[in-house]
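Data from coords23.csv: CSV, C-alpha atoms
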```csv
chain,number,residue,atom,x,y,z
Y,1,MET,CA,-8.8,-13.8,-117.1
Y,2,GLY,CA,-8.3,-12.9,-120.8
Y,3,GLU,CA,-9.5,-9.8,-122.5
Y,4,MET,CA,-12.9,-9.1,-124.0
Y,5,ILE,CA,-12.4,-8.2,-127.6
Y,6,LYS,CA,-15.1,-5.9,-128.9
Y,7,VAL,CA,-16.6,-6.1,-132.4
Y,8,GLY,CA,-18.5,-3.0,-133.5
Y,9,MET,CA,-21.3,-2.6,-136.0
Y,10,ALA,CA,-20.0,-3.6,-139.5
Y,11,ASP,CA,-16.8,-4.9,-137.9
Y,12,MET,CA,-15.0,-8.2,-137.3
Y,13,ASN,CA,-12.3,-9.7,-135.2
Y,14,VAL,CA,-10.7,-13.0,-134.3
Y,15,CYS,CA,-9.9,-14.4,-130.9
Y,16,LYS,CA,-8.1,-17.2,-129.0
Y,17,PRO,CA,-8.3,-18.3,-125.4
Y,18,PRO,CA,-7.9,-16.8,-122.8
Y,19,ASP,CA,-9.6,-13.9,-124.6
Y,20,SER,CA,-13.3,-13.7,-125.4
Y,21,ILE,CA,-15.1,-11.8,-128.1
Y,22,THR,CA,-18.3,-9.8,-127.9
Y,23,THR,CA,-20.6,-7.5,-129.8
Y,24,LEU,CA,-23.1,-5.2,-128.0
Y,25,GLY,CA,-26.7,-4.5,-128.8
Y,26,LEU,CA,-27.4,-6.5,-131.9
Y,27,GLY,CA,-30.7,-5.5,-133.4
Y,28,SER,CA,-31.6,-6.4,-137.0
Y,29,CYS,CA,-27.9,-7.0,-137.6
Y,30,VAL,CA,-26.6,-10.6,-137.3
Y,31,GLY,CA,-23.6,-11.6,-135.2
Y,32,ILE,CA,-21.9,-14.6,-136.7
Y,33,VAL,CA,-19.4,-16.7,-134.7
Y,34,LEU,CA,-17.1,-19.1,-136.6
Y,35,TYR,CA,-15.1,-21.5,-134.5
Y,36,ASP,CA,-12.6,-24.3,-134.8
Y,37,PRO,CA,-13.4,-26.3,-131.6
Y,38,GLY,CA,-10.2,-28.4,-131.8
Y,39,ARG,CA,-7.8,-25.5,-132.2
Y,40,LYS,CA,-10.0,-23.1,-130.2
Y,41,VAL,CA,-9.6,-20.4,-132.8
Y,42,SER,CA,-12.7,-18.2,-133.2
Y,43,GLY,CA,-13.9,-15.1,-134.8
Y,44,MET,CA,-17.0,-12.9,-134.9
Y,45,VAL,CA,-18.5,-10.6,-137.6
Y,46,HIS,CA,-21.3,-8.1,-137.1
Y,47,ILE,CA,-23.1,-7.8,-140.4
Y,48,MET,CA,-25.7,-5.2,-141.3
Y,49,LEU,CA,-26.9,-6.2,-144.8
Y,50,PRO,CA,-27.5,-9.5,-146.6
Y,51,ASP,CA,-25.8,-9.0,-149.9
Y,52,SER,CA,-22.8,-6.9,-151.1
Y,53,THR,CA,-23.7,-7.4,-154.7
Y,54,LYS,CA,-27.0,-5.4,-154.3
Y,55,ILE,CA,-25.3,-2.3,-152.9
Y,56,LYS,CA,-23.0,0.1,-154.7
Y,57,ASN,CA,-21.2,1.2,-151.7
Y,58,ASN,CA,-19.7,-2.1,-150.6
Y,59,GLU,CA,-16.1,-1.3,-149.6
Y,60,ASN,CA,-16.6,-2.3,-146.0
Y,61,ILE,CA,-16.7,-6.0,-146.4
Y,62,ALA,CA,-17.6,-6.6,-142.7
Y,63,LYS,CA,-21.0,-5.0,-143.5
Y,64,PHE,CA,-22.4,-7.8,-145.6
Y,65,ALA,CA,-23.2,-11.4,-144.9
Y,66,ASP,CA,-21.5,-12.8,-148.0
Y,67,THR,CA,-18.2,-10.8,-148.0
Y,68,GLY,CA,-18.1,-10.7,-144.2
Y,69,ILE,CA,-18.1,-14.5,-143.8
Y,70,ASP,CA,-15.5,-14.9,-146.5
Y,71,GLU,CA,-13.1,-12.5,-144.9
Y,72,LEU,CA,-13.7,-13.9,-141.5
Y,73,ILE,CA,-12.8,-17.4,-142.8
Y,74,ARG,CA,-9.6,-16.0,-144.4
Y,75,ARG,CA,-8.6,-14.5,-141.1
Y,76,LEU,CA,-9.3,-17.6,-139.1
Y,77,LEU,CA,-7.3,-19.7,-141.5
Y,78,ALA,CA,-4.4,-17.3,-141.1
Y,79,LEU,CA,-4.7,-17.8,-137.3
Y,80,GLY,CA,-4.3,-21.5,-137.7
Y,81,ALA,CA,-7.9,-22.7,-137.9
Y,82,SER,CA,-8.8,-25.7,-140.1
Y,83,ARG,CA,-11.3,-24.9,-142.9
Y,84,THR,CA,-13.1,-28.2,-142.6
Y,85,ALA,CA,-13.4,-28.0,-138.8
Y,86,LEU,CA,-15.2,-24.6,-138.8
Y,87,ILE,CA,-18.6,-24.5,-137.2
Y,88,ALA,CA,-21.0,-21.5,-136.7
Y,89,LYS,CA,-23.2,-20.0,-134.1
Y,90,ILE,CA,-25.4,-17.1,-135.0
Y,91,ALA,CA,-27.6,-14.6,-133.2
Y,92,GLY,CA,-29.6,-11.4,-133.9
Y,93,GLY,CA,-31.7,-10.5,-136.9
Y,94,ALA,CA,-34.5,-9.2,-134.8
Y,95,GLN,CA,-37.4,-7.0,-136.1
Y,96,MET,CA,-37.0,-4.2,-133.6
Y,97,PHE,CA,-40.3,-2.4,-134.5
Y,98,ALA,CA,-43.6,-4.2,-134.7
Y,99,PHE,CA,-44.6,-3.3,-138.2
Y,100,SER,CA,-47.6,-4.7,-139.8
Y,101,SER,CA,-46.6,-3.8,-143.4
Y,102,ASN,CA,-44.3,-6.0,-145.5
Y,103,ASN,CA,-42.2,-3.0,-146.3
Y,104,ASP,CA,-38.9,-4.6,-147.4
Y,105,MET,CA,-36.9,-1.9,-145.6
Y,106,LEU,CA,-38.2,-3.2,-142.3
Y,107,ARG,CA,-37.8,-6.9,-142.9
Y,108,VAL,CA,-34.0,-6.6,-143.1
Y,109,GLY,CA,-33.4,-8.6,-139.9
Y,110,GLU,CA,-35.1,-11.7,-141.4
Y,111,ARG,CA,-33.3,-11.3,-144.7
Y,112,ASN,CA,-29.9,-11.0,-142.9
Y,113,VAL,CA,-30.6,-14.3,-141.1
Y,114,GLU,CA,-31.6,-16.0,-144.4
Y,115,ALA,CA,-28.6,-14.7,-146.2
Y,116,THR,CA,-26.3,-15.8,-143.4
Y,117,LYS,CA,-27.7,-19.3,-143.4
Y,118,GLU,CA,-27.5,-19.6,-147.2
Y,119,LYS,CA,-23.9,-18.4,-147.2
Y,120,LEU,CA,-22.9,-20.8,-144.4
Y,121,ASN,CA,-24.8,-23.7,-146.1
Y,122,SER,CA,-23.0,-23.0,-149.4
Y,123,LEU,CA,-19.7,-23.2,-147.6
Y,124,ARG,CA,-20.8,-26.4,-145.8
Y,125,ILE,CA,-20.2,-24.8,-142.4
Y,126,PRO,CA,-22.7,-26.3,-140.0
Y,127,ILE,CA,-24.7,-23.9,-137.8
Y,128,LEU,CA,-24.5,-25.5,-134.4
Y,129,ALA,CA,-26.8,-23.1,-132.6
Y,130,GLN,CA,-28.8,-20.0,-133.2
Y,131,ASP,CA,-30.9,-17.4,-131.5
Y,132,THR,CA,-32.4,-15.2,-134.2
Y,133,GLY,CA,-35.5,-13.2,-135.0
Y,134,ALA,CA,-38.1,-12.0,-132.4
Y,135,ASN,CA,-38.2,-8.3,-131.5
Y,136,TYR,CA,-35.5,-7.6,-129.0
Y,137,GLY,CA,-31.9,-6.6,-129.0
Y,138,ARG,CA,-29.1,-9.0,-128.0
Y,139,THR,CA,-25.6,-8.6,-126.6
Y,140,ILE,CA,-23.5,-11.7,-127.4
Y,141,GLU,CA,-20.3,-13.0,-125.9
Y,142,PHE,CA,-18.3,-16.0,-127.2
Y,143,ASN,CA,-15.8,-17.9,-125.2
Y,144,PRO,CA,-13.5,-19.9,-127.4
Y,145,GLU,CA,-12.3,-22.0,-124.5
Y,146,SER,CA,-15.8,-23.5,-123.8
Y,147,GLY,CA,-17.4,-22.8,-127.2
Y,148,GLU,CA,-20.4,-21.2,-125.5
Y,149,LEU,CA,-22.2,-18.2,-126.8
Y,150,LEU,CA,-23.8,-16.1,-124.1
Y,151,ILE,CA,-26.8,-14.0,-125.0
Y,152,LYS,CA,-28.0,-11.1,-122.9
Y,153,SER,CA,-31.2,-9.2,-123.6
Y,154,VAL,CA,-33.2,-6.5,-121.7
Y,155,GLY,CA,-35.6,-7.9,-119.2
Y,156,LYS,CA,-34.9,-11.5,-120.2
Y,157,PRO,CA,-32.9,-14.3,-118.6
Y,158,LEU,CA,-29.3,-14.9,-119.7
Y,159,LYS,CA,-29.1,-17.5,-122.5
Y,160,LYS,CA,-26.3,-19.9,-123.4
Y,161,ILE,CA,-26.2,-21.6,-126.7
D,1,MET,CA,-27.3,15.7,-159.7
D,2,SER,CA,-25.1,12.7,-159.7
D,3,ASP,CA,-25.1,10.1,-156.9
D,4,LYS,CA,-23.7,11.4,-153.7
D,5,ASP,CA,-23.1,9.8,-150.4
D,6,PHE,CA,-22.0,11.2,-147.1
D,7,ASP,CA,-18.4,10.3,-147.7
D,8,THR,CA,-18.1,12.5,-150.7
D,9,MET,CA,-20.4,15.2,-149.5
D,10,ASP,CA,-18.9,18.7,-149.6
D,11,SER,CA,-19.1,21.1,-146.7
D,12,MET,CA,-21.8,23.2,-148.4
D,13,GLN,CA,-24.1,20.2,-148.6
D,14,PHE,CA,-23.3,19.2,-145.1
D,15,ASP,CA,-24.3,22.7,-144.0
D,16,VAL,CA,-27.6,22.4,-145.8
D,17,LEU,CA,-28.4,19.2,-144.0
D,18,LYS,CA,-27.3,20.8,-140.7
D,19,GLU,CA,-29.6,23.7,-141.3
D,20,ILE,CA,-32.5,21.4,-142.1
D,21,GLY,CA,-31.8,19.6,-138.8
D,22,ASN,CA,-31.7,22.9,-137.0
D,23,ILE,CA,-35.0,24.1,-138.3
D,24,GLY,CA,-36.6,20.8,-137.9
D,25,ALA,CA,-35.5,20.4,-134.3
D,26,GLY,CA,-36.7,24.0,-133.6
D,27,ASN,CA,-40.2,23.2,-134.9
D,28,ALA,CA,-40.2,20.0,-133.0
D,29,THR,CA,-39.4,21.8,-129.8
D,30,THR,CA,-42.2,24.3,-130.4
D,31,ALA,CA,-44.6,21.4,-130.9
D,32,LEU,CA,-43.4,19.8,-127.6
D,33,SER,CA,-43.9,23.1,-125.8
D,34,LYS,CA,-47.5,23.4,-127.0
D,35,LEU,CA,-48.2,19.8,-126.2
D,36,LEU,CA,-46.9,20.1,-122.6
D,37,ASN,CA,-48.3,23.6,-122.3
D,38,ALA,CA,-44.9,24.6,-120.8
D,39,LYS,CA,-42.0,26.7,-122.0
D,40,VAL,CA,-39.4,24.5,-123.5
D,41,ASP,CA,-36.0,25.9,-124.5
D,42,MET,CA,-33.8,24.4,-127.1
D,43,LYS,CA,-30.1,24.5,-127.4
D,44,VAL,CA,-28.5,24.7,-130.9
D,45,PRO,CA,-28.6,21.1,-132.2
D,46,LYS,CA,-25.4,19.2,-132.6
D,47,ILE,CA,-25.1,17.5,-135.9
D,48,GLU,CA,-22.6,14.8,-136.4
D,49,LEU,CA,-21.6,12.5,-139.2
D,50,LEU,CA,-20.6,9.3,-137.3
D,51,GLU,CA,-19.2,6.0,-138.2
D,52,PHE,CA,-21.5,3.1,-137.4
D,53,LYS,CA,-19.2,1.8,-134.6
D,54,ASP,CA,-19.3,5.2,-132.8
D,55,LEU,CA,-23.0,5.8,-133.3
D,56,SER,CA,-24.4,4.2,-130.1
D,57,ASP,CA,-21.6,5.7,-128.0
D,58,VAL,CA,-23.2,9.1,-128.4
D,59,ILE,CA,-26.4,7.7,-126.8
D,60,GLY,CA,-24.7,6.3,-123.8
D,61,GLY,CA,-23.3,3.1,-125.2
D,62,ALA,CA,-24.8,0.2,-127.2
D,63,GLU,CA,-26.3,-1.4,-124.1
D,64,ASN,CA,-28.0,1.8,-122.7
D,65,VAL,CA,-31.7,1.2,-122.8
D,66,VAL,CA,-33.5,3.9,-124.7
D,67,VAL,CA,-36.9,4.7,-126.2
D,68,GLY,CA,-37.0,4.8,-130.0
D,69,ILE,CA,-39.9,6.0,-132.0
D,70,LEU,CA,-39.8,5.3,-135.7
D,71,LEU,CA,-41.9,6.6,-138.6
D,72,THR,CA,-41.5,5.5,-142.2
D,73,LEU,CA,-41.7,8.1,-144.9
D,74,ASP,CA,-43.6,8.1,-148.1
D,75,GLY,CA,-44.4,10.6,-150.9
D,76,ASP,CA,-41.6,12.5,-152.5
D,77,ILE,CA,-39.2,11.2,-149.9
D,78,ASP,CA,-38.8,7.5,-149.0
D,79,GLY,CA,-37.0,6.6,-145.9
D,80,MET,CA,-37.6,6.8,-142.2
D,81,ILE,CA,-37.2,9.2,-139.3
D,82,MET,CA,-36.4,8.1,-135.8
D,83,PHE,CA,-36.6,10.0,-132.5
D,84,ILE,CA,-34.7,8.6,-129.6
D,85,LEU,CA,-35.0,9.6,-125.9
D,86,GLU,CA,-33.4,8.3,-122.8
D,87,GLN,CA,-35.8,6.5,-120.4
D,88,GLU,CA,-35.8,9.1,-117.7
D,89,PRO,CA,-36.7,12.2,-119.8
D,90,ALA,CA,-39.3,10.0,-121.6
D,91,ARG,CA,-40.9,9.3,-118.2
D,92,ALA,CA,-40.7,13.0,-117.3
D,93,ILE,CA,-42.5,14.1,-120.5
D,94,VAL,CA,-45.2,11.5,-120.1
D,95,ARG,CA,-45.7,12.5,-116.5
D,96,MET,CA,-46.0,16.2,-117.5
D,97,LEU,CA,-48.4,15.3,-120.3
D,98,MET,CA,-50.6,13.2,-118.1
D,99,GLN,CA,-50.5,15.5,-115.1
D,100,GLY,CA,-49.7,12.9,-112.5
D,101,MET,CA,-52.1,10.4,-113.9
D,102,CYS,CA,-49.3,7.9,-114.5
D,103,GLU,CA,-47.5,6.0,-111.8
D,104,VAL,CA,-43.8,6.3,-111.4
D,105,GLY,CA,-43.0,2.7,-112.0
D,106,GLU,CA,-40.1,0.9,-113.6
D,107,GLU,CA,-42.1,-0.3,-116.6
D,108,PHE,CA,-44.1,1.9,-118.8
D,109,THR,CA,-47.8,1.1,-118.7
D,110,GLU,CA,-49.9,0.6,-121.9
D,111,ILE,CA,-51.3,4.1,-121.7
D,112,GLU,CA,-47.9,5.6,-121.1
D,113,LEU,CA,-46.5,3.8,-124.1
D,114,SER,CA,-49.2,5.1,-126.4
D,115,ALA,CA,-48.7,8.6,-124.9
D,116,LEU,CA,-45.0,8.3,-125.9
D,117,GLN,CA,-45.9,7.1,-129.3
D,118,GLU,CA,-48.1,10.2,-129.8
D,119,ILE,CA,-45.3,12.5,-128.5
D,120,GLY,CA,-43.0,10.9,-131.0
D,121,ASN,CA,-45.6,11.4,-133.7
D,122,ILE,CA,-46.0,15.1,-133.0
D,123,ILE,CA,-42.3,15.8,-132.7
D,124,ALA,CA,-41.4,13.9,-135.8
D,125,GLY,CA,-44.4,15.4,-137.6
D,126,ALA,CA,-43.2,18.9,-136.8
D,127,TYR,CA,-39.7,18.0,-137.9
D,128,LEU,CA,-41.0,16.7,-141.2
D,129,SER,CA,-43.3,19.6,-141.9
D,130,SER,CA,-40.3,21.9,-141.7
D,131,LEU,CA,-38.4,19.7,-144.1
D,132,SER,CA,-41.4,19.6,-146.4
D,133,THR,CA,-41.8,23.4,-146.4
D,134,LEU,CA,-38.1,24.0,-147.0
D,135,THR,CA,-37.9,21.6,-149.9
D,136,ASN,CA,-41.4,22.1,-151.3
D,137,MET,CA,-41.8,18.3,-151.3
D,138,THR,CA,-44.7,16.2,-150.1
D,139,ILE,CA,-43.8,13.9,-147.3
D,140,THR,CA,-46.2,11.6,-145.6
D,141,SER,CA,-45.4,9.5,-142.6
D,142,SER,CA,-46.6,6.2,-141.2
D,143,ILE,CA,-48.1,5.7,-137.7
D,144,PRO,CA,-45.4,5.8,-135.0
D,145,TYR,CA,-43.7,2.6,-134.0
D,146,LEU,CA,-42.2,2.3,-130.6
D,147,ALA,CA,-39.5,0.1,-129.1
D,148,ILE,CA,-37.7,0.3,-125.8
D,149,ASP,CA,-34.4,-1.6,-126.0
D,150,MET,CA,-30.6,-1.4,-126.1
D,151,ALA,CA,-29.5,1.7,-128.1
D,152,GLY,CA,-27.3,-0.4,-130.4
D,153,ALA,CA,-30.3,-2.6,-131.3
D,154,ILE,CA,-32.6,0.3,-131.9
D,155,LEU,CA,-30.0,2.3,-133.9
D,156,SER,CA,-29.4,-0.8,-136.0
D,157,VAL,CA,-32.6,0.0,-137.9
D,158,PRO,CA,-31.6,3.4,-139.2
D,159,ALA,CA,-27.9,2.3,-139.4
D,160,ILE,CA,-28.8,-0.4,-141.8
D,161,GLU,CA,-30.7,2.0,-144.0
D,162,PHE,CA,-27.6,4.4,-143.9
D,163,GLY,CA,-25.5,1.3,-144.6
D,164,LYS,CA,-26.9,1.0,-148.1
D,165,ILE,CA,-25.5,4.4,-149.0
D,166,SER,CA,-22.6,5.1,-146.7
D,167,ASP,CA,-20.5,3.9,-143.9
D,168,LYS,CA,-21.6,6.8,-141.8
D,169,ALA,CA,-24.8,8.1,-140.3
D,170,LEU,CA,-26.1,11.6,-139.8
D,171,LEU,CA,-27.2,12.1,-136.2
D,172,ILE,CA,-28.9,15.3,-134.9
D,173,GLU,CA,-28.7,15.8,-131.2
D,174,THR,CA,-31.1,18.3,-129.7
D,175,GLU,CA,-31.1,19.2,-126.1
D,176,PHE,CA,-34.3,20.9,-124.8
D,177,GLY,CA,-36.0,21.7,-121.6
D,178,ASP,CA,-36.0,24.1,-118.7
D,179,LYS,CA,-35.2,23.7,-115.0
D,180,ASN,CA,-38.1,21.4,-114.5
D,181,LEU,CA,-37.5,19.2,-117.5
D,182,GLU,CA,-34.3,18.4,-119.1
D,183,VAL,CA,-34.5,16.3,-122.2
D,184,ASN,CA,-31.8,15.0,-124.5
D,185,GLY,CA,-33.4,13.8,-127.7
D,186,TYR,CA,-31.8,12.5,-130.9
D,187,PHE,CA,-33.2,12.6,-134.4
D,188,VAL,CA,-32.0,10.4,-137.1
D,189,LEU,CA,-33.4,11.1,-140.5
D,190,ILE,CA,-32.7,8.5,-143.1
D,191,PRO,CA,-33.8,9.3,-146.7
D,192,THR,CA,-33.1,6.6,-149.2
D,193,LEU,CA,-30.3,7.4,-151.6
D,194,ASP,CA,-32.7,8.7,-154.3
D,195,SER,CA,-34.6,10.8,-151.8
D,196,TYR,CA,-31.4,12.2,-150.4
D,197,ASN,CA,-30.4,13.3,-153.9
D,198,ALA,CA,-33.9,14.7,-154.4
D,199,ILE,CA,-33.7,16.8,-151.2
D,200,LEU,CA,-30.4,18.4,-152.2
D,201,THR,CA,-31.7,18.9,-155.8
D,202,SER,CA,-34.8,20.6,-154.5
D,203,LEU,CA,-32.7,23.0,-152.6
D,204,GLY,CA,-30.7,23.8,-155.7
D,205,MET,CA,-27.6,21.9,-154.7
```
Structure translated into structure tokens:
Amino acid sequence: MGEMIKVGMADMNVCKPPDSITTLGLGSCVGIVLYDPGRKVSGMVHIMLPDSTKIKNNENIAKFADTGIDELIRRLLALGASRTALIAKIAGGAQMFAFSSNNDMLRVGERNVEATKEKLNSLRIPILAQDTGANYGRTIEFNPESGELLIKSVGKPLKKI
Amino acid sequence: MSDKDFDTMDSMQFDVLKEIGNIGAGNATTALSKLLNAKVDMKVPKIELLEFKDLSDVIGGAENVVVGILLTLDGDIDGMIMFILEQEPARAIVRMLMQGMCEVGEEFTEIELSALQEIGNIIAGAYLSSLSTLTNMTITSSIPYLAIDMAGAILSVPAIEFGKISDKALLIETEFGDKNLEVNGYFVLIPTLDSYNAILTSLGM
């Protein structure tokens, strides 16, 4: 058994078999897994906000969908992944509190998912699977050996995508 | 005052925020005591500036299931306030409030959930009213929203708001209760950057 590499909030890491990579308790944040299935090189970033250009305090590049994905790709390439082989799986972006208003502050989960998809589309990285939105938290685990993303939620059956 | 964030905050400003947390938590405890019609003691709140990745560790880890009650703020301050409780003390408070009317089940019933929402409303309201008095600002809050889920997921909501201004979040931990009731509660107050500056300015900082 390999190790389980933990990725915190606004954090990223890369991983190869036999290790797996996880992030715990995703809420409105989005967990993005990028993966080269042939070389079994993978990485995960836990982003909090959609766009680094809208925020002045943007030094932590793992915090944003745009800069987070760029940096993760850079690290994956350094680890031997092929840029054109990369595929993505994403999860998270929930709306944790059932608001009725369209307060922008509270729709951030949805915006995180949109920004993630846009960024991946512009980079021509296909999104192979996703489990986003709804109103509950998710813990995700990615196994680069099998390419499976495991999703655990409170009071819900285990999901594999 | 120029733009500040938590990373560049001086110790004086941090002390002011601490004191606001102190007074607010004190008021909230009094409110809880009245609500339950029982004596509720409070320990001096612990106030910490934490990095995002350490935030949920304080509340028992990212996967620990907690009750979160959130109110959005309006008026002179924009932002949100969140009150977080562990499940057990949440149940204990509801039980006390409802005087045995609720069953001791695994899941909260509809009426227990709305009781919890109301508790959050009163506690957060007391906290906000002290902030309002201290700063002489008008603060109005939304109805309370409730979620029971993993601490990491619940905290992501305030953390994202903090994320716009800083890489750290301000967490106020209050411990209150007596021998019958021990409650660990956490407040997270998240003013927007403008409002945060407005608070400090109103206090002459």
For range 76-85 of chain Y: contacts at 7 Å, only C-alpha atoms, fewer than 3 positions along chain excluded, given as a PyMOL selection string = chain Y and resi 14+36+39+41-43+72-73
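Using all atoms listed in the file, the nearest neighbour of Ser156 in chain D within the list Y:Cys15, Y:Val45, Y:Leu158, Y:Leu26 is Y:Leu26.
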Could you list, as a PyMOL selection string, every residue of chain Y that has an atom within 9 Å of an atom of chain D, counting all atoms listed in the file?
-> chain Y and resi 7-11+24-29+48-49+54-60+63+94-99+105-106+108-109+135-139+153-154
Output C-alpha atoms for every residue in that selection, as a JSON list (two decimals), in the coordinates of the input.
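The resulting file, part.json, is reproduced below:
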```json
[["chain", "number", "residue", "atom", "x", "y", "z"],
["Y", 7, "VAL", "CA", -16.60, -6.10, -132.40],
["Y", 8, "GLY", "CA", -18.50, -3.00, -133.50],
["Y", 9, "MET", "CA", -21.30, -2.60, -136.00],
["Y", 10, "ALA", "CA", -20.00, -3.60, -139.50],
["Y", 11, "ASP", "CA", -16.80, -4.90, -137.90],
["Y", 24, "LEU", "CA", -23.10, -5.20, -128.00],
["Y", 25, "GLY", "CA", -26.70, -4.50, -128.80],
["Y", 26, "LEU", "CA", -27.40, -6.50, -131.90],
["Y", 27, "GLY", "CA", -30.70, -5.50, -133.40],
["Y", 28, "SER", "CA", -31.60, -6.40, -137.00],
["Y", 29, "CYS", "CA", -27.90, -7.00, -137.60],
["Y", 48, "MET", "CA", -25.70, -5.20, -141.30],
["Y", 49, "LEU", "CA", -26.90, -6.20, -144.80],
["Y", 54, "LYS", "CA", -27.00, -5.40, -154.30],
["Y", 55, "ILE", "CA", -25.30, -2.30, -152.90],
["Y", 56, "LYS", "CA", -23.00, 0.10, -154.70],
["Y", 57, "ASN", "CA", -21.20, 1.20, -151.70],
["Y", 58, "ASN", "CA", -19.70, -2.10, -150.60],
["Y", 59, "GLU", "CA", -16.10, -1.30, -149.60],
["Y", 60, "ASN", "CA", -16.60, -2.30, -146.00],
["Y", 63, "LYS", "CA", -21.00, -5.00, -143.50],
["Y", 94, "ALA", "CA", -34.50, -9.20, -134.80],
["Y", 95, "GLN", "CA", -37.40, -7.00, -136.10],
["Y", 96, "MET", "CA", -37.00, -4.20, -133.60],
["Y", 97, "PHE", "CA", -40.30, -2.40, -134.50],
["Y", 98, "ALA", "CA", -43.60, -4.20, -134.70],
["Y", 99, "PHE", "CA", -44.60, -3.30, -138.20],
["Y", 105, "MET", "CA", -36.90, -1.90, -145.60],
["Y", 106, "LEU", "CA", -38.20, -3.20, -142.30],
["Y", 108, "VAL", "CA", -34.00, -6.60, -143.10],
["Y", 109, "GLY", "CA", -33.40, -8.60, -139.90],
["Y", 135, "ASN", "CA", -38.20, -8.30, -131.50],
["Y", 136, "TYR", "CA", -35.50, -7.60, -129.00],
["Y", 137, "GLY", "CA", -31.90, -6.60, -129.00],
["Y", 138, "ARG", "CA", -29.10, -9.00, -128.00],
["Y", 139, "THR", "CA", -25.60, -8.60, -126.60],
["Y", 153, "SER", "CA", -31.20, -9.20, -123.60],
["Y", 154, "VAL", "CA", -33.20, -6.50, -121.70]]
```
Separation of CA of Asn121 in chain Y from CA of Pro50 in chain Y, in Å and rounded to one decimal = 14.5 Å
Pick out the residues sitting within 8 Å of Gly21 in chain D, and hand them over as number ranges by chain; count all atoms listed in the file, and ignore anything fewer than 6 positions along from it in its own chain.
-> D: 45, 47, 172
Point-to-point distance in Å for CA of Thr67 in chain Y and CA of Val30 in chain Y =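 Here the two named atoms are 13.6 Å from each other.
Taking CA of Pro157 in chain Y and CA of Ile140 in chain Y as endpoints, the distance between them is 13.1 Å.
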Write out as a PDB file with C-alpha atoms, in the frame of the given file the residues lying within 9 Å of range 117-124 of chain D, counting only C-alpha atoms and excluding same-chain residues fewer than 2 positions away.
```pdb
ATOM      1  CA  GLY D  24     -36.600  20.800-137.900  1.00  0.00           C
ATOM      2  CA  ALA D  25     -35.500  20.400-134.300  1.00  0.00           C
ATOM      3  CA  ASN D  27     -40.200  23.200-134.900  1.00  0.00           C
ATOM      4  CA  ALA D  28     -40.200  20.000-133.000  1.00  0.00           C
ATOM      5  CA  THR D  29     -39.400  21.800-129.800  1.00  0.00           C
ATOM      6  CA  THR D  30     -42.200  24.300-130.400  1.00  0.00           C
ATOM      7  CA  ALA D  31     -44.600  21.400-130.900  1.00  0.00           C
ATOM      8  CA  LEU D  32     -43.400  19.800-127.600  1.00  0.00           C
ATOM      9  CA  LEU D  35     -48.200  19.800-126.200  1.00  0.00           C
ATOM     10  CA  GLY D  68     -37.000   4.800-130.000  1.00  0.00           C
ATOM     11  CA  ILE D  69     -39.900   6.000-132.000  1.00  0.00           C
ATOM     12  CA  LEU D  70     -39.800   5.300-135.700  1.00  0.00           C
ATOM     13  CA  LEU D  71     -41.900   6.600-138.600  1.00  0.00           C
ATOM     14  CA  ILE D  81     -37.200   9.200-139.300  1.00  0.00           C
ATOM     15  CA  MET D  82     -36.400   8.100-135.800  1.00  0.00           C
ATOM     16  CA  PHE D  83     -36.600  10.000-132.500  1.00  0.00           C
ATOM     17  CA  ILE D  84     -34.700   8.600-129.600  1.00  0.00           C
ATOM     18  CA  ILE D  93     -42.500  14.100-120.500  1.00  0.00           C
ATOM     19  CA  VAL D  94     -45.200  11.500-120.100  1.00  0.00           C
ATOM     20  CA  GLU D 112     -47.900   5.600-121.100  1.00  0.00           C
ATOM     21  CA  LEU D 113     -46.500   3.800-124.100  1.00  0.00           C
ATOM     22  CA  SER D 114     -49.200   5.100-126.400  1.00  0.00           C
ATOM     23  CA  ALA D 115     -48.700   8.600-124.900  1.00  0.00           C
ATOM     24  CA  ALA D 126     -43.200  18.900-136.800  1.00  0.00           C
ATOM     25  CA  TYR D 127     -39.700  18.000-137.900  1.00  0.00           C
ATOM     26  CA  LEU D 128     -41.000  16.700-141.200  1.00  0.00           C
ATOM     27  CA  SER D 129     -43.300  19.600-141.900  1.00  0.00           C
ATOM     28  CA  ILE D 143     -48.100   5.700-137.700  1.00  0.00           C
ATOM     29  CA  PRO D 144     -45.400   5.800-135.000  1.00  0.00           C
ATOM     30  CA  TYR D 145     -43.700   2.600-134.000  1.00  0.00           C
ATOM     31  CA  LEU D 146     -42.200   2.300-130.600  1.00  0.00           C
ATOM     32  CA  PHE D 187     -33.200  12.600-134.400  1.00  0.00           C
TER      33      PHE D 187
END
```
Can we get range 121-125 of chain D of that structure written down with N, CA and C atoms, as a tab-separated table (two decimals), in the first residue's frame?
```
chain	number	residue	atom	x	y	z
D	121	ASN	N	-29.56	32.21	15.44
D	121	ASN	CA	-30.03	33.56	15.19
D	121	ASN	C	-29.84	34.45	16.41
D	122	ILE	N	-30.24	33.94	17.57
D	122	ILE	CA	-30.16	34.73	18.80
D	122	ILE	C	-28.70	34.94	19.20
D	123	ILE	N	-27.91	33.89	19.10
D	123	ILE	CA	-26.50	33.99	19.49
D	123	ILE	C	-25.74	34.95	18.55
D	124	ALA	N	-25.96	34.76	17.26
D	124	ALA	CA	-25.27	35.63	16.31
D	124	ALA	C	-25.78	37.07	16.45
D	125	GLY	N	-27.07	37.20	16.70
D	125	GLY	CA	-27.66	38.54	16.88
D	125	GLY	C	-27.03	39.27	18.05
```
